[in-house]
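Student: What follows is the file protein37.txt, containing compact mmCIF, C-alpha atoms:
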# COMPACT_ATOMS: atom_id res chain seq x y z
CA MET A 232 101.21 59.81 17.21
CA VAL A 233 103.09 58.66 20.32
CA ASN A 234 102.30 60.83 23.33
CA ILE A 235 105.23 61.42 25.67
CA VAL A 236 104.39 63.36 28.82
CA ILE A 237 107.12 64.88 30.98
CA ILE A 238 106.33 66.11 34.48
CA GLY A 239 108.58 68.96 35.59
CA ALA A 240 110.65 71.47 33.61
CA SER A 241 113.79 71.69 35.66
CA THR A 242 117.04 69.96 34.65
CA VAL A 243 115.47 66.56 33.94
CA GLY A 244 112.42 67.80 32.05
CA VAL A 245 114.26 70.30 29.88
CA THR A 246 117.11 67.94 29.03
CA ALA A 247 114.87 64.97 28.23
CA ALA A 248 112.43 67.07 26.19
CA HIS A 249 115.20 68.29 23.89
CA GLU A 250 116.65 64.79 23.56
CA LEU A 251 113.27 63.44 22.47
CA LEU A 252 112.23 66.38 20.28
CA ARG A 253 115.37 66.16 18.17
CA ASP A 254 114.05 62.80 16.98
CA ALA A 255 110.33 63.63 17.15
CA SER A 256 109.84 63.06 13.42
CA ALA A 257 111.41 59.60 13.43
CA LEU A 258 109.60 58.73 16.64
CA LYS A 259 106.31 60.14 15.31
CA ALA A 260 105.92 61.58 18.77
CA LYS A 261 104.52 64.58 20.56
CA VAL A 262 106.19 65.77 23.76
CA THR A 263 104.07 67.49 26.39
CA LEU A 264 105.99 69.27 29.13
CA ILE A 265 104.08 70.16 32.32
CA ASN A 266 105.37 72.65 34.87
CA PRO A 267 103.65 74.99 37.35
CA SER A 268 105.93 77.90 36.50
CA THR A 269 106.35 79.45 33.08
CA SER A 270 109.94 80.29 34.06
CA PHE A 271 112.99 78.07 34.37
CA TYR A 272 114.85 78.89 37.61
CA TRP A 273 118.65 78.69 37.38
CA ASN A 274 118.84 77.66 41.03
CA ILE A 275 122.52 76.71 40.79
CA ALA A 276 123.11 80.42 41.44
CA ALA A 277 120.60 80.63 44.30
CA PRO A 278 123.20 81.44 47.00
CA ARG A 279 124.40 84.52 45.10
CA ILE A 280 120.92 85.47 43.86
CA LEU A 281 119.53 85.45 47.40
CA ALA A 282 122.52 87.13 49.07
CA LYS A 283 123.31 89.76 46.41
CA PRO A 284 120.18 91.14 44.72
CA ASN A 285 122.22 93.24 42.29
CA ALA A 286 124.53 90.44 41.15
CA PHE A 287 122.20 89.45 38.29
CA HIS A 288 119.08 90.69 36.57
CA ALA A 289 116.02 88.52 37.14
CA ASP A 290 115.83 87.68 33.43
CA GLN A 291 119.26 86.04 33.71
CA TYR A 292 118.10 83.35 36.15
CA LEU A 293 114.36 83.23 35.39
CA LEU A 294 113.99 82.29 31.72
CA PRO A 295 110.78 81.66 29.75
CA ILE A 296 110.41 77.93 29.17
CA LYS A 297 108.11 77.94 26.17
CA GLU A 298 110.40 80.20 24.10
CA ALA A 299 113.25 77.70 24.46
CA PHE A 300 111.21 75.15 22.51
CA ALA A 301 110.05 77.43 19.68
CA GLN A 302 112.62 75.74 17.44
CA TYR A 303 110.45 72.60 17.18
CA ALA A 304 107.35 71.97 15.08
CA GLU A 305 104.13 73.02 16.77
CA ASN A 306 102.56 69.58 16.42
CA SER A 307 105.52 67.93 18.19
CA PHE A 308 105.59 69.99 21.39
CA GLU A 309 103.18 71.42 23.93
CA PHE A 310 103.91 73.26 27.15
CA ILE A 311 101.26 73.22 29.86
CA ALA A 312 101.62 75.70 32.71
CA GLY A 313 99.99 73.71 35.45
CA THR A 314 100.29 71.09 38.16
CA VAL A 315 99.93 67.33 37.97
CA THR A 316 97.65 66.28 40.81
CA ALA A 317 97.33 62.53 40.19
CA MET A 318 98.51 59.59 38.10
CA ASP A 319 96.41 56.65 36.99
CA ILE A 320 98.79 53.91 35.94
CA SER A 321 95.92 51.59 34.97
CA SER A 322 94.61 53.97 32.30
CA ASN A 323 97.96 55.68 31.49
CA THR A 324 96.69 59.16 32.32
CA VAL A 325 97.69 62.07 34.51
CA SER A 326 95.34 64.67 35.98
CA VAL A 327 96.49 68.22 35.32
CA THR A 328 95.20 71.47 36.81
CA SER A 329 96.33 74.39 34.67
CA ASN A 330 97.30 77.72 36.17
CA ASP A 331 93.99 79.02 34.78
CA GLY A 332 92.10 76.49 36.88
CA ASP A 333 91.12 74.11 34.09
CA VAL A 334 91.27 70.43 35.00
CA LYS A 335 91.84 67.70 32.45
CA SER A 336 92.96 64.13 32.10
CA LEU A 337 95.99 63.79 29.84
CA PRO A 338 96.78 60.40 28.24
CA TYR A 339 100.32 59.19 27.72
CA ASP A 340 102.05 56.36 25.93
CA TYR A 341 105.23 57.10 27.85
CA LEU A 342 105.64 59.15 31.01
CA LEU A 343 108.79 60.67 32.47
CA ILE A 344 108.64 61.91 36.06
CA GLY A 345 111.09 64.73 36.64
CA SER A 346 109.30 66.52 39.47
CA GLY A 347 112.47 66.72 41.55
CA ALA A 348 112.68 67.62 45.20
CA THR A 349 112.31 70.65 47.38
CA THR A 350 113.91 71.75 50.66
CA PRO A 351 112.67 72.87 54.09
CA SER A 352 114.02 76.33 53.32
CA THR A 353 112.14 76.57 50.03
CA THR A 354 108.85 75.45 51.57
CA GLY A 355 109.31 77.59 54.67
CA GLN A 356 108.28 74.69 56.89
CA VAL A 357 110.76 75.56 59.64
CA THR A 358 110.14 79.29 60.11
CA GLY A 359 107.28 80.04 57.75
CA THR A 360 109.69 82.07 55.62
CA GLU A 361 110.35 80.77 52.10
CA ILE A 362 113.97 81.07 50.97
CA PRO A 363 113.88 79.47 47.49
CA PHE A 364 116.90 77.32 46.78
CA LYS A 365 114.54 75.23 44.63
CA HIS A 366 111.45 75.99 42.62
CA SER A 367 108.37 76.77 44.70
CA GLY A 368 106.01 74.57 42.68
CA ARG A 369 103.98 77.66 41.82
CA ASP A 370 104.23 80.42 39.22
CA ASP A 371 105.58 83.00 41.66
CA MET A 372 109.36 82.74 41.58
CA LYS A 373 110.16 86.40 40.89
CA GLU A 374 108.05 87.62 43.81
CA LEU A 375 109.34 84.88 46.09
CA ILE A 376 112.99 85.63 45.31
CA GLU A 377 112.50 89.38 45.79
CA ALA A 378 110.87 88.80 49.18
CA ALA A 379 113.76 86.56 50.26
CA GLN A 380 116.33 89.12 49.05
CA LYS A 381 114.72 91.79 51.22
CA LEU A 382 115.10 89.53 54.24
CA THR A 383 118.75 88.66 53.62
CA THR A 384 119.75 92.27 52.99
CA SER A 385 117.88 93.77 55.95
CA ALA A 386 118.82 91.27 58.66
CA LYS A 387 121.48 92.27 61.18
CA SER A 388 122.19 88.67 62.15
CA ILE A 389 121.77 85.50 60.09
CA VAL A 390 122.19 81.89 61.22
CA ILE A 391 122.59 79.20 58.56
CA GLY A 392 121.83 75.62 59.57
CA GLY A 393 123.88 73.09 57.64
CA ALA A 394 127.41 73.27 56.26
CA GLY A 395 127.05 71.33 53.05
CA PRO A 396 127.74 73.02 49.71
CA VAL A 397 124.64 75.24 49.80
CA GLY A 398 125.29 76.38 53.36
CA VAL A 399 128.94 77.13 52.68
CA GLU A 400 128.18 78.95 49.42
CA LEU A 401 125.44 81.02 51.04
CA ALA A 402 127.63 81.94 54.00
CA GLY A 403 130.42 83.07 51.68
CA GLU A 404 128.08 85.16 49.52
CA LEU A 405 126.37 86.79 52.50
CA ALA A 406 129.69 87.58 54.15
CA GLU A 407 130.98 89.22 50.96
CA ALA A 408 127.78 91.26 50.65
CA VAL A 409 128.22 92.46 54.23
CA ALA A 410 131.82 93.49 53.55
CA GLU A 411 130.91 95.23 50.29
CA ASN A 412 128.21 97.27 52.03
CA SER A 413 130.36 97.94 55.13
CA SER A 414 127.48 96.59 57.20
CA ASP A 415 127.57 95.40 60.78
CA VAL A 416 125.95 92.01 60.27
CA SER A 417 126.89 88.70 61.91
CA ILE A 418 126.84 85.51 59.84
CA THR A 419 126.90 82.18 61.71
CA LEU A 420 127.18 78.76 60.09
CA VAL A 421 126.17 75.74 62.21
CA SER A 422 127.44 72.30 61.20
CA ALA A 423 126.24 69.02 62.71
CA THR A 424 129.52 67.41 61.62
CA ASP A 425 133.01 68.17 62.89
CA ARG A 426 133.92 69.97 59.66
CA VAL A 427 132.15 71.79 56.87
CA LEU A 428 131.69 69.98 53.52
CA HIS A 429 132.14 66.69 55.37
CA THR A 430 131.51 64.54 52.27
CA LEU A 431 134.62 65.98 50.62
CA LYS A 432 138.28 65.45 51.46
CA SER A 433 139.44 67.02 54.69
CA SER A 434 141.71 69.43 52.81
CA ALA A 435 138.65 70.84 51.04
CA SER A 436 136.95 71.33 54.39
CA THR A 437 139.98 73.09 55.80
CA ALA A 438 140.19 75.37 52.77
CA ALA A 439 136.52 76.31 53.06
CA GLU A 440 136.78 76.95 56.80
CA ASN A 441 139.80 79.19 56.34
CA MET A 442 138.04 81.22 53.64
CA LEU A 443 134.91 81.59 55.75
CA LYS A 444 136.86 82.70 58.79
CA LYS A 445 138.69 85.31 56.71
CA LYS A 446 135.27 86.63 55.74
CA ASN A 447 134.32 86.83 59.44
CA VAL A 448 131.79 84.00 59.35
CA ASN A 449 131.26 82.44 62.79
CA LEU A 450 131.63 78.66 62.55
CA ILE A 451 130.01 76.27 65.03
CA THR A 452 130.83 72.61 64.31
CA SER A 453 129.82 69.26 65.83
CA THR A 454 126.56 70.87 66.89
CA ARG A 455 122.98 70.20 65.81
CA VAL A 456 120.07 72.59 65.65
CA LEU A 457 117.39 71.08 67.89
CA GLY A 458 114.67 73.66 67.50
CA VAL A 459 113.69 77.07 66.19
CA GLU A 460 111.26 79.32 68.05
CA ALA A 461 109.90 82.75 67.23
CA SER A 462 110.51 85.53 69.77
CA GLY A 463 108.98 88.78 68.58
CA ASP A 464 110.80 89.76 65.39
CA SER A 465 113.69 87.39 66.19
CA TRP A 466 114.32 83.67 66.24
CA ILE A 467 115.75 81.59 69.08
CA ILE A 468 117.89 78.72 67.79
CA SER A 469 118.35 75.89 70.29
CA LEU A 470 121.52 73.83 69.85
CA ASP A 471 122.27 70.36 71.22
CA SER A 472 125.19 71.87 73.12
CA GLY A 473 122.64 73.63 75.31
CA ASP A 474 123.46 77.02 73.83
CA LYS A 475 120.88 79.28 72.24
CA LEU A 476 121.38 81.76 69.41
CA THR A 477 119.19 84.79 68.81
CA THR A 478 119.00 85.92 65.22
CA ASP A 479 116.93 88.03 62.81
CA LEU A 480 116.92 85.33 60.13
CA TYR A 481 117.40 81.58 60.26
CA ILE A 482 118.03 79.73 56.99
CA PRO A 483 118.12 75.91 57.04
CA THR A 484 120.10 74.43 54.13
CA THR A 485 119.77 70.73 54.92
CA GLY A 486 117.16 68.21 53.97
CA SER A 487 115.55 67.12 50.73
CA ILE A 488 111.82 66.51 50.28
CA PRO A 489 110.49 64.56 47.26
CA ASN A 490 107.84 66.29 45.15
CA ASN A 491 105.68 63.19 45.12
CA SER A 492 102.16 64.27 46.14
CA PHE A 493 100.69 63.04 42.82
CA ILE A 494 102.57 59.72 42.65
CA PRO A 495 100.88 56.44 43.71
CA GLU A 496 102.39 54.85 46.81
CA SER A 497 103.05 51.64 44.89
CA LEU A 498 105.80 53.49 42.99
CA LEU A 499 107.48 54.97 46.06
CA ALA A 500 110.24 53.65 48.30
CA THR A 501 109.94 54.01 52.07
CA GLU A 502 111.23 57.59 52.20
CA GLY A 503 109.01 58.77 49.36
CA TRP A 504 111.46 58.59 46.45
CA VAL A 505 110.42 56.95 43.18
CA ARG A 506 111.80 53.44 42.83
CA VAL A 507 113.69 52.93 39.55
CA ASN A 508 115.92 50.26 38.06
CA LYS A 509 119.25 50.85 36.31
CA GLU A 510 117.43 51.81 33.11
CA LEU A 511 115.46 54.39 35.14
CA ARG A 512 112.20 52.59 34.51
CA VAL A 513 109.80 52.99 37.41
CA GLN A 514 109.17 49.87 39.50
CA SER A 515 105.84 49.08 41.17
CA THR A 516 105.29 47.02 44.31
CA GLU A 517 101.84 46.03 43.06
CA SER A 518 102.75 44.80 39.60
CA SER A 519 105.58 42.83 38.07
CA GLY A 520 104.67 44.08 34.63
CA VAL A 521 106.73 46.59 32.66
CA LEU A 522 105.38 50.12 33.06
CA PRO A 523 105.77 52.78 30.32
CA ILE A 524 106.97 55.13 33.05
CA TYR A 525 110.46 56.46 33.72
CA ALA A 526 111.81 58.80 36.38
CA ALA A 527 115.05 60.72 36.62
CA GLY A 528 116.82 63.20 38.84
CA ASP A 529 116.17 64.19 42.43
CA ILE A 530 112.79 62.43 42.65
CA THR A 531 114.37 58.98 42.32
CA THR A 532 116.03 56.64 44.78
CA ASN A 533 119.43 57.55 43.32
CA TRP A 534 120.86 59.38 46.33
CA MET A 535 123.49 61.53 44.61
CA ARG A 536 121.22 64.52 43.94
CA LEU A 537 123.37 66.84 41.85
CA GLY A 538 122.47 68.88 38.77
CA PHE A 539 124.85 67.19 36.34
CA LYS A 540 123.73 63.77 37.59
CA ALA A 541 120.11 64.73 36.91
CA ALA A 542 121.01 65.72 33.34
CA GLU A 543 122.85 62.42 32.85
CA GLN A 544 119.81 60.50 34.08
CA ALA A 545 117.51 62.49 31.80
CA ARG A 546 119.56 61.51 28.77
CA VAL A 547 119.50 57.82 29.78
CA ALA A 548 115.73 57.87 30.31
CA ALA A 549 115.09 59.69 27.02
CA HIS A 550 117.31 57.23 25.14
CA ASN A 551 115.45 54.25 26.58
CA ILE A 552 112.08 55.76 25.69
CA LYS A 553 113.33 56.10 22.09
CA VAL A 554 114.37 52.44 22.11
CA ASP A 555 110.95 51.48 23.42
CA ILE A 556 109.17 53.42 20.68
CA LEU A 557 111.39 52.29 17.78
CA ASN A 558 111.78 48.77 19.18
CA LYS A 559 115.44 48.76 18.24
CA GLY A 560 118.81 49.82 19.62
CA ASP A 561 120.77 49.08 22.77
CA ARG A 562 119.31 50.22 26.06
CA LYS A 563 121.37 52.37 28.43
CA SER A 564 121.90 52.04 32.16
CA TYR A 565 122.62 54.71 34.73
CA ASP A 566 125.32 54.25 37.35
CA GLN A 567 125.83 57.21 39.63
CA GLY A 568 129.24 55.89 40.74
CA GLU A 569 130.91 56.59 44.04
CA SER A 570 133.27 59.46 43.21
CA ILE A 571 132.09 62.91 44.22
CA THR A 572 132.46 65.90 41.92
CA MET A 573 131.64 69.21 43.56
CA LEU A 574 132.66 72.84 43.00
CA VAL A 575 131.94 75.12 45.95
CA PRO A 576 132.56 78.87 45.56
CA VAL A 577 133.07 80.66 48.86
CA GLY A 578 132.19 84.05 47.49
CA GLU A 579 133.48 85.48 44.22
CA SER A 580 137.13 85.39 45.22
CA GLY A 581 137.60 81.63 45.22
CA GLY A 582 136.44 78.35 46.65
CA THR A 583 137.13 74.67 47.02
CA GLY A 584 135.64 71.30 46.11
CA GLN A 585 136.55 67.93 44.68
CA LEU A 586 137.25 67.14 41.04
CA PHE A 587 138.51 63.81 39.68
CA GLY A 588 139.57 62.84 43.18
CA PHE A 589 141.63 65.92 43.98
CA VAL A 590 140.90 69.26 45.64
CA PRO A 591 141.14 72.08 43.04
CA TRP A 592 143.00 75.29 43.72
CA SER A 593 140.84 78.20 44.81
CA PHE A 594 141.44 80.18 41.62
CA MET A 595 140.13 77.25 39.55
CA ILE A 596 136.81 77.36 41.39
CA ARG A 597 136.65 81.11 40.81
CA MET A 598 137.27 80.70 37.08
CA ILE A 599 134.99 77.70 36.54
CA LYS A 600 131.99 78.47 38.74
CA GLY A 601 132.60 81.32 41.15
CA LYS A 602 132.58 84.03 38.49
CA ASP A 603 128.85 83.78 37.79
CA PHE A 604 127.56 80.35 38.92
CA PHE A 605 127.19 79.48 35.21
CA VAL A 606 124.37 82.04 34.81
CA SER A 607 125.82 83.08 31.44
CA LYS A 608 125.27 79.51 30.20
CA ALA A 609 121.64 79.28 31.32
CA PRO A 610 119.99 80.38 28.02
CA GLU A 611 121.94 77.89 25.92
CA TYR A 612 121.30 75.15 28.48
CA LEU A 613 117.56 75.81 28.44
CA ALA A 614 117.55 75.82 24.65
CA GLY A 615 119.20 72.37 24.62
CA ARG A 616 122.60 73.55 23.49
CA GLY A 617 124.36 73.40 26.86
How does this structure look as structure tokens?

Tutor:
Amino acid sequence: MVNIVIIGASTVGVTAAHELLRDASALKAKVTLINPSTSFYWNIAAPRILAKPNAFHADQYLLPIKEAFAQYAENSFEFIAGTVTAMDISSNTVSVTSNDGDVKSLPYDYLLIGSGATTPSTTGQVTGTEIPFKHSGRDDMKELIEAAQKLTTSAKSIVIGGAGPVGVELAGELAEAVAENSSDVSITLVSATDRVLHTLKSSASTAAENMLKKKNVNLITSTRVLGVEASGDSWIISLDSGDKLTTDLYIPTTGSIPNNSFIPESLLATEGWVRVNKELRVQSTESSGVLPIYAAGDITTNWMRLGFKAAEQARVAAHNIKVDILNKGDRKSYDQGESITMLVPVGESGGTGQLFGFVPWSFMIRMIKGKDFFVSKAPEYLAGRG
């Protein structure tokens, strides 16, 4: 029996596990999927989930992982609710602490690292308040989301730091929630660049800015947040312009932090991302030998950290593991390309983005993504049919 261990059950882990399990019989393999949470978080919809608590039921965006793999033979799949604390690449083992507190060493013939990345907002490292745009790395997502929803719906002023897609989506959702509830709440979006969505075409930026202004979002561009300081129940936001903003809630939406605490330094690039080649095989600075280790998604040095790119990488890594096991077939390479594909709803009414090199009409964003942030597709996706 070939033991394939996958670390992380977000996009990469789920996608790769299904790809491998479909051929488990031919591979004579067992797939073990390790994740700290028993639930899969559909974080694509995080801006609407966090801004509008009644938009979805929790069971629409928090789905049981183990049930999605009930279709496979029991001897070919195992789900471990726990955390990987260390890797030993000399003995091909990982140390796992289960949610029950049990500690064990798990051997692997092939390992896929899909631990992903987190954000300063999710960890709460800026203000101490966790606003989960990513998974927390614990089995507490429902409670964490509910706590964040209480903060977003009770604040009378909210400042969002960062005007990338998450910041713009969140601002649009919050502004709509304010209008729907006839509340007197100020929403401010601070952008370090001279326009929002600066990686997209300027026409997309202009469209987003116009939609945000119509929703009464205050835009501050070409300005960086220098510091955040508590003042009683409020926060003082210091800007590089010299101005200061006082707000009930500050939500940073920039920055990406690799979930790499268990990964040996020899496998990490300077900024903490896992070093991979085009085949997504992990590269070590201490050995020129071929490791039976792959990595895919946000944890890797591939800088375009988008959900559909993570799924694409997962399929490449899974394919190459199959080739390794069967010792036949052509290997695949991953090329993230240079073109940017991004759909950015600015509330439920419309949005903007970039698709095949052009900026889609607002109604297209509403129909494709803005309607429900693909929440209706989450069960099929988790079950490997998406």

Student: Looking at A:Ser346, A:Thr353, A:Thr383, A:Ser322, which one is nearest to A:Gly528, with distances taken over only C-alpha atoms?

Tutor: A:Ser346

Student: Between A:Glu496, A:Asp471, A:Glu400, A:Glu440, single out the one closest to A:Arg455, counting all atoms listed in the file.

Tutor: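 With all atoms listed in the file as the atom set, the closest residue is A:Asp471.
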
Student: Could you check the closest approach to A:Ala240 for each of A:Thr358, A:Ala299, A:Ala500, A:Leu258 and tell me which residue wins, using all atoms listed in the file?

Tutor: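 Among A:Thr358, A:Ala299, A:Ala500, A:Leu258, it is A:Ala299 that comes nearest to A:Ala240.
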
Student: When you look at stretch 265-272 of chain A with a cut-off of 8 Å (counting all atoms listed in the file), what residues show up, excluding the ones that are within fewer than 4 positions of it in the same chain? I need them as a PyMOL selection string.

Tutor: chain A and resi 236-241+292-297+310-315+329-330+365-366+368-372+613

Student: With a distance cut-off of 6 Å and all atoms listed in the file, select the neighbouring residues of A:Gly582, excluding the residue or stretch itself and same-chain residues fewer than 3 positions from it, and output the selection as a PyMOL selection string.

Tutor: chain A and resi 575-577+593+596

Student: Anything within 10 Å of (142.2, 80.9, 43.0): list those residues as a ChimeraX atom specification, counting only C-alpha atoms and sticking to the file's coordinates.

Tutor: /A:579-583,591-598,601

Student: Using all atoms listed in the file, determine which residues lie at most 10 Å from A:Val427, disregarding the query and same-chain residues fewer than 3 positions distant; provide the list as a VMD selection string.

Tutor: chain A and resid 393 to 396 398 to 399 420 to 424 430 to 431 433 435 to 440 450 to 453

Student: How would the residues just picked look written out with C-alpha atoms as a PDB file, keeping the file's coordinate frame?

Tutor:
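result-v6.pdb, written as the output of this step:
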ATOM      1  CA  GLY A 393     123.880  73.090  57.640  1.00  0.00           C
ATOM      2  CA  ALA A 394     127.410  73.270  56.260  1.00  0.00           C
ATOM      3  CA  GLY A 395     127.050  71.330  53.050  1.00  0.00           C
ATOM      4  CA  PRO A 396     127.740  73.020  49.710  1.00  0.00           C
ATOM      5  CA  GLY A 398     125.290  76.380  53.360  1.00  0.00           C
ATOM      6  CA  VAL A 399     128.940  77.130  52.680  1.00  0.00           C
ATOM      7  CA  LEU A 420     127.180  78.760  60.090  1.00  0.00           C
ATOM      8  CA  VAL A 421     126.170  75.740  62.210  1.00  0.00           C
ATOM      9  CA  SER A 422     127.440  72.300  61.200  1.00  0.00           C
ATOM     10  CA  ALA A 423     126.240  69.020  62.710  1.00  0.00           C
ATOM     11  CA  THR A 424     129.520  67.410  61.620  1.00  0.00           C
ATOM     12  CA  THR A 430     131.510  64.540  52.270  1.00  0.00           C
ATOM     13  CA  LEU A 431     134.620  65.980  50.620  1.00  0.00           C
ATOM     14  CA  SER A 433     139.440  67.020  54.690  1.00  0.00           C
ATOM     15  CA  ALA A 435     138.650  70.840  51.040  1.00  0.00           C
ATOM     16  CA  SER A 436     136.950  71.330  54.390  1.00  0.00           C
ATOM     17  CA  THR A 437     139.980  73.090  55.800  1.00  0.00           C
ATOM     18  CA  ALA A 438     140.190  75.370  52.770  1.00  0.00           C
ATOM     19  CA  ALA A 439     136.520  76.310  53.060  1.00  0.00           C
ATOM     20  CA  GLU A 440     136.780  76.950  56.800  1.00  0.00           C
ATOM     21  CA  LEU A 450     131.630  78.660  62.550  1.00  0.00           C
ATOM     22  CA  ILE A 451     130.010  76.270  65.030  1.00  0.00           C
ATOM     23  CA  THR A 452     130.830  72.610  64.310  1.00  0.00           C
ATOM     24  CA  SER A 453     129.820  69.260  65.830  1.00  0.00           C
TER      25      SER A 453
END

Student: What gap, in Å, lies between atom CA of A:Arg506 and atom CA of A:Gly560?

Tutor: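 These atoms are spaced 24.5 Å apart.
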
Student: What lies within 7 Å of A:Ala260 using all atoms listed in the file, ignoring chain neighbours under 2 positions off, as a PyMOL selection string?

Tutor: chain A and resi 232-235+255-256+258+262+307

Student: Using only C-alpha atoms, which of the listed residues (A:Val245, A:Ile530, A:Val416, A:Leu428) sits closest to A:Gly584?

Tutor: A:Leu428

Student: Quick one: of A:Thr242, A:Asn274, A:Asn533, A:Ser492, who's nearest to A:Thr316, counting all atoms listed in the file?

Tutor: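 Checking each candidate against A:Thr316, we get A:Ser492 as the closest.
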
Student: Which residues are near stretch 461-465 of chain A? Cut-off 10 Å, all atoms listed in the file, ignore same chain within fewer than 3 positions. Put them as a PyMOL selection string.

Tutor: chain A and resi 358+386+388+468+477-481

Student: What would the file look like if the residues just selected were written as a short mmCIF file (atom, residue, chain, number, x, y, z; two decimals), in the frame of the given file with C-alpha atoms?

Tutor:
data_model
loop_
_atom_site.label_atom_id
_atom_site.label_comp_id
_atom_site.auth_asym_id
_atom_site.auth_seq_id
_atom_site.Cartn_x
_atom_site.Cartn_y
_atom_site.Cartn_z
CA THR A 358 110.14 79.29 60.11
CA ALA A 386 118.82 91.27 58.66
CA SER A 388 122.19 88.67 62.15
CA ILE A 468 117.89 78.72 67.79
CA THR A 477 119.19 84.79 68.81
CA THR A 478 119.00 85.92 65.22
CA ASP A 479 116.93 88.03 62.81
CA LEU A 480 116.92 85.33 60.13
CA TYR A 481 117.40 81.58 60.26
#

Student: Please, what distance in Å, to one decimal, runs between atom CA of A:Ala247 and atom CA of A:Leu281?

Tutor: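 These atoms are spaced 28.4 Å apart.
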
Student: Dump as a JSON list (two decimals) with C-alpha atoms, keeping the file's coordinate frame all residues having an atom at most 10 Å from (110.8, 58.5, 41.0), computed in the file's coordinates with all atoms listed in the file.

Tutor:
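See point.json below for the written result:
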[["chain", "number", "residue", "atom", "x", "y", "z"],
["A", 343, "LEU", "CA", 108.79, 60.67, 32.47],
["A", 344, "ILE", "CA", 108.64, 61.91, 36.06],
["A", 345, "GLY", "CA", 111.09, 64.73, 36.64],
["A", 346, "SER", "CA", 109.30, 66.52, 39.47],
["A", 347, "GLY", "CA", 112.47, 66.72, 41.55],
["A", 489, "PRO", "CA", 110.49, 64.56, 47.26],
["A", 490, "ASN", "CA", 107.84, 66.29, 45.15],
["A", 491, "ASN", "CA", 105.68, 63.19, 45.12],
["A", 494, "ILE", "CA", 102.57, 59.72, 42.65],
["A", 498, "LEU", "CA", 105.80, 53.49, 42.99],
["A", 499, "LEU", "CA", 107.48, 54.97, 46.06],
["A", 500, "ALA", "CA", 110.24, 53.65, 48.30],
["A", 503, "GLY", "CA", 109.01, 58.77, 49.36],
["A", 504, "TRP", "CA", 111.46, 58.59, 46.45],
["A", 505, "VAL", "CA", 110.42, 56.95, 43.18],
["A", 506, "ARG", "CA", 111.80, 53.44, 42.83],
["A", 507, "VAL", "CA", 113.69, 52.93, 39.55],
["A", 511, "LEU", "CA", 115.46, 54.39, 35.14],
["A", 512, "ARG", "CA", 112.20, 52.59, 34.51],
["A", 513, "VAL", "CA", 109.80, 52.99, 37.41],
["A", 514, "GLN", "CA", 109.17, 49.87, 39.50],
["A", 524, "ILE", "CA", 106.97, 55.13, 33.05],
["A", 525, "TYR", "CA", 110.46, 56.46, 33.72],
["A", 526, "ALA", "CA", 111.81, 58.80, 36.38],
["A", 527, "ALA", "CA", 115.05, 60.72, 36.62],
["A", 528, "GLY", "CA", 116.82, 63.20, 38.84],
["A", 529, "ASP", "CA", 116.17, 64.19, 42.43],
["A", 530, "ILE", "CA", 112.79, 62.43, 42.65],
["A", 531, "THR", "CA", 114.37, 58.98, 42.32],
["A", 532, "THR", "CA", 116.03, 56.64, 44.78],
["A", 533, "ASN", "CA", 119.43, 57.55, 43.32]]

Student: For a quick check of understanding, using all atoms listed in the file, which of A:Val357, A:Ala408, A:Ala609, A:Ala301 has the smallest distance to A:Gly458?

Tutor: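 Closest to A:Gly458 of all the choices is A:Val357.
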
Student: Could you check how far atom CA of A:Met442 sits from atom CA of A:Ala406, in Å to one decimal?

Tutor: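 Between these atoms lies a distance of 10.5 Å.
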
Student: Please return the centre and edge lengths, in Å to one decimal, of a box with edges along x, y and z that contains all listed atoms of stretch 591-600 of chain A, widened by 6 Å on every side, as lines of an AutoDock Vina configuration file.

Tutor:
center_x = 137.5
center_y = 76.6
center_z = 40.7
size_x = 23.0
size_y = 21.0
size_z = 20.3

Student: Could stretch 239-246 of chain A be completed with N, CA and C atoms and returned as a PDB file, in the coordinates of the input?

Tutor:
ATOM      1  N   GLY A 239     107.498  68.163  35.033  1.00  0.00           N
ATOM      2  CA  GLY A 239     108.580  68.960  35.590  1.00  0.00           C
ATOM      3  C   GLY A 239     109.488  69.515  34.514  1.00  0.00           C
ATOM      4  N   ALA A 240     109.790  70.824  34.614  1.00  0.00           N
ATOM      5  CA  ALA A 240     110.650  71.470  33.610  1.00  0.00           C
ATOM      6  C   ALA A 240     111.884  72.070  34.238  1.00  0.00           C
ATOM      7  N   SER A 241     112.465  71.310  35.164  1.00  0.00           N
ATOM      8  CA  SER A 241     113.790  71.690  35.660  1.00  0.00           C
ATOM      9  C   SER A 241     114.821  70.929  34.830  1.00  0.00           C
ATOM     10  N   THR A 242     115.950  70.587  35.418  1.00  0.00           N
ATOM     11  CA  THR A 242     117.040  69.960  34.650  1.00  0.00           C
ATOM     12  C   THR A 242     116.579  68.723  33.895  1.00  0.00           C
ATOM     13  N   VAL A 243     115.887  67.817  34.575  1.00  0.00           N
ATOM     14  CA  VAL A 243     115.470  66.560  33.940  1.00  0.00           C
ATOM     15  C   VAL A 243     114.511  66.828  32.788  1.00  0.00           C
ATOM     16  N   GLY A 244     113.441  67.574  33.055  1.00  0.00           N
ATOM     17  CA  GLY A 244     112.420  67.800  32.050  1.00  0.00           C
ATOM     18  C   GLY A 244     112.932  68.494  30.806  1.00  0.00           C
ATOM     19  N   VAL A 245     113.714  69.531  31.004  1.00  0.00           N
ATOM     20  CA  VAL A 245     114.260  70.300  29.880  1.00  0.00           C
ATOM     21  C   VAL A 245     115.218  69.447  29.058  1.00  0.00           C
ATOM     22  N   THR A 246     116.125  68.760  29.738  1.00  0.00           N
ATOM     23  CA  THR A 246     117.110  67.940  29.030  1.00  0.00           C
ATOM     24  C   THR A 246     116.449  66.822  28.249  1.00  0.00           C
TER      25      THR A 246
END
